[in-house]
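**Q** Handing you this structure, nothing more for now.
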Amino acid sequence: MISISYYLWVSAWLFVTGAIGVLLRRNALIMLMSLELMLNAVNLSFMAYARMLNDMGGHVFVFLNITVAAAEAAVGLAIILAIYRTKETVDVDHLSLMQH
Amino acid sequence: MFVDFIIVLVKAGLVIFALLNLAGLLTWAERKQSAVMQDRVGPNRANIGKLTLGGLLHPVADGIKMITKEDFIPEGANRTLHTLAPAAALFPALVVFAVIPFGDTLVLFGRAIQLQVAQLNVGIMYIFAVSSLAVYGTMLAGWASNNNYSLLGGLRASSQMISYELSIGLSILGIVLIYETAMLDEIVRQQGELLWGFIPKWGIILQPFAFILFLGAALAENKRVPFDMPEGESEIIGYFVEYSSMKFGMFFLAEFVEIIIVSGLVTTLFFGGWQVPYLHATGEVVGFVWPFGLGAWHLPQWLVALIQVGAFAIKVLIGCWILLVVRWTLPRFRYDQIMHLGWKVWFELALINLLITAVVVLLVT
Amino acid sequence: MEALLFWIFSIIGVTCGGMVIWNRNPMGSAIYLVVTMLCLSGLYALLNGAFVAVLQVLIYAGAVMVLMLFVIMMLSMRPEGAPREGSMPVWIAAGVIGLIVVLRIGALFDFGRPPDAVDEFGTIQGVGALLFNTYVLPFELISVLLLIAVIGAVILSKRDAQ
């Protein structure tokens, strides 16, 4: 009933939303969250194509993608924590120069 | 199609009805059980016109009290999150029961109805996924109270919960390895098979160590004694200190529903679910089939289904009672002891159990 | 039925996705992101991907977002009164460009209804068979990657010993 194109439209919307978030927001935590949004959009795209081509390789790739995103979120948050301890801010405009 | 939908709705309604009522009854049972163990009388004051019914009206009195109390939101707190947190705590607890089978097939008007709300291929993983959502209720409650001590209590509670989720998952994997399926009704059906001709293949016989590990990890995940440091009751400020009336009631109810959930899971995975040994509801003989060729007793199908549902209910009630008794037996652990246990002891034991199970399964087949 | 569920999940998902980047408070953004991930899990379930749908809730909504909420709470960020970054014209321009990009991407799609799924599609057994036979190398590499991430996160967030 629902053609695959609709799922891909939703994926495109979410990806562009995430991209705008990464480009326009300055708070490092919200930038990380927009990045997760982009990864989720790509996962939806993979699942839609896997359903269309009846190939479960798409599911396997989504599994690996989710795992990589989890690892990257963990390390990214640890970096943000370490930065906040010394600089008391997570505004990336203030963090962009390597000053002490 | 439409009839299937109605059947699922009726099953779901029955399950939620039974869960909430049993949770209310458990609040009374806990207080009476603690009274019996501590050699005192327990609650016996709530009455309707001098009729006390042994304190059974206390849950009703508690409910009325909680509904009619003033519901306040602390100043400066996030109103949406403060209201959302109790719902986020109760929702996962109720929804887990969707995949627990409470009976075998019931043949009604020529239609075979599975006595399980949802037959998912990924049944066990669904349980892990939904119970990992339970952390949100705790965290949001701690954050949304605008209270430093609540926030610390919420962080303590949620770090304890996520530490023990790992051990829960690993201890169940041994069961999945042995029964070679993640569908809970398949696991229960396979527990009806006989080992060496007369011992039913219950999970407790095949994986006794995993039973102990799962029970401990599930107790820690649900913040029950001996792991109830986050609530602490009389010692330390918990994460629901700023909650009153029905919101606190929902947290309270969520904890008791989780007791039933743990008991239901232990019954399904380790004690055969609705299986009564040697009783079959489908197949060529409907009724008891005794081992060693001792013959068979035939019974009508609806009676067999009823006996099986009754067996499930009795097993769950015994499990709940054991969890209540544990609460009044053991002292509570300190927070650093809980975290040390979760990451350095329980996790390793669950891994070792999985390794040994895998080796044994490989050697046997 | 499937159409109704699809529209509910997609509209809620896209709206909450927009609120993630629009909200000024990181806490609110995180909650909206959790709701978005749950809606996406529903969409995966509609696409017959039962295993991946449960995995999304288990890992993403149940662990990754919990970690983010932890960090937000520990850093105690409360910029409720903070102005939104970027002025309004910048956001409007970004919105227009984003809309044009989505429409250009969308013009590439011309797919119809998917074929009927076989019984084994999206089950644990199917994904497991692929993971341990065809894709076993990425599977092993992922476990090494997770080990590296765990060690890295612990080292980065350790306080310097006095």
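Going by the structure tokens order, chains are called A, B, ..., each with residues numbered from 1, while ligands are numbered from 1 in the order shown.
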For Tyr84 of chain A, find every residue with an atom within 12 Å (counting only C-alpha atoms), except residues of its own chain fewer than 2 positions away, and show them as a PyMOL selection string.
**A** (chain A and resi 27-29+77-82+86-92+94-95) or (chain C and resi 71-72+74-77+156-157)
**Q** Counting only C-alpha atoms, which residues from chain C have an atom at most 12 Å from any atom of chain B, and could you show them as a PyMOL selection string?
**A** chain C and resi 1+25+27-28+30-32+34-35+38+41+45+48-78+80+119-127
**Q** Considering only C-alpha atoms, extract the chain C residues located within 7 Å of chain A and return them as an NGL selection string.
**A** :C and (3 or 10 or 14 or 17-18 or 21 or 26 or 44 or 47 or 52 or 64 or 85-86 or 94 or 98 or 102 or 106 or 109-115 or 122 or 127 or 131 or 146 or 149 or 152-153 or 156-157)
**Q** Could you check how far atom CA of Leu341 of chain B sits from atom CA of Ala217 of chain B, in Å to one decimal?
**A**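 Between these atoms lies a distance of 10.0 Å.
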**Q** Using only C-alpha atoms, determine which residues lie at most 10 Å from segment 53-59 of chain B, disregarding the query and same-chain residues fewer than 6 positions distant; provide the list as a list in words.
**A** Asn21, Ala23, Gly24, Leu25, Leu26, Thr27, Trp28, Ala29, Arg31, Lys32, Val41, Gly42, Pro43, Asn44, Arg45, Ala46, Asn47 and Lys65 of chain B
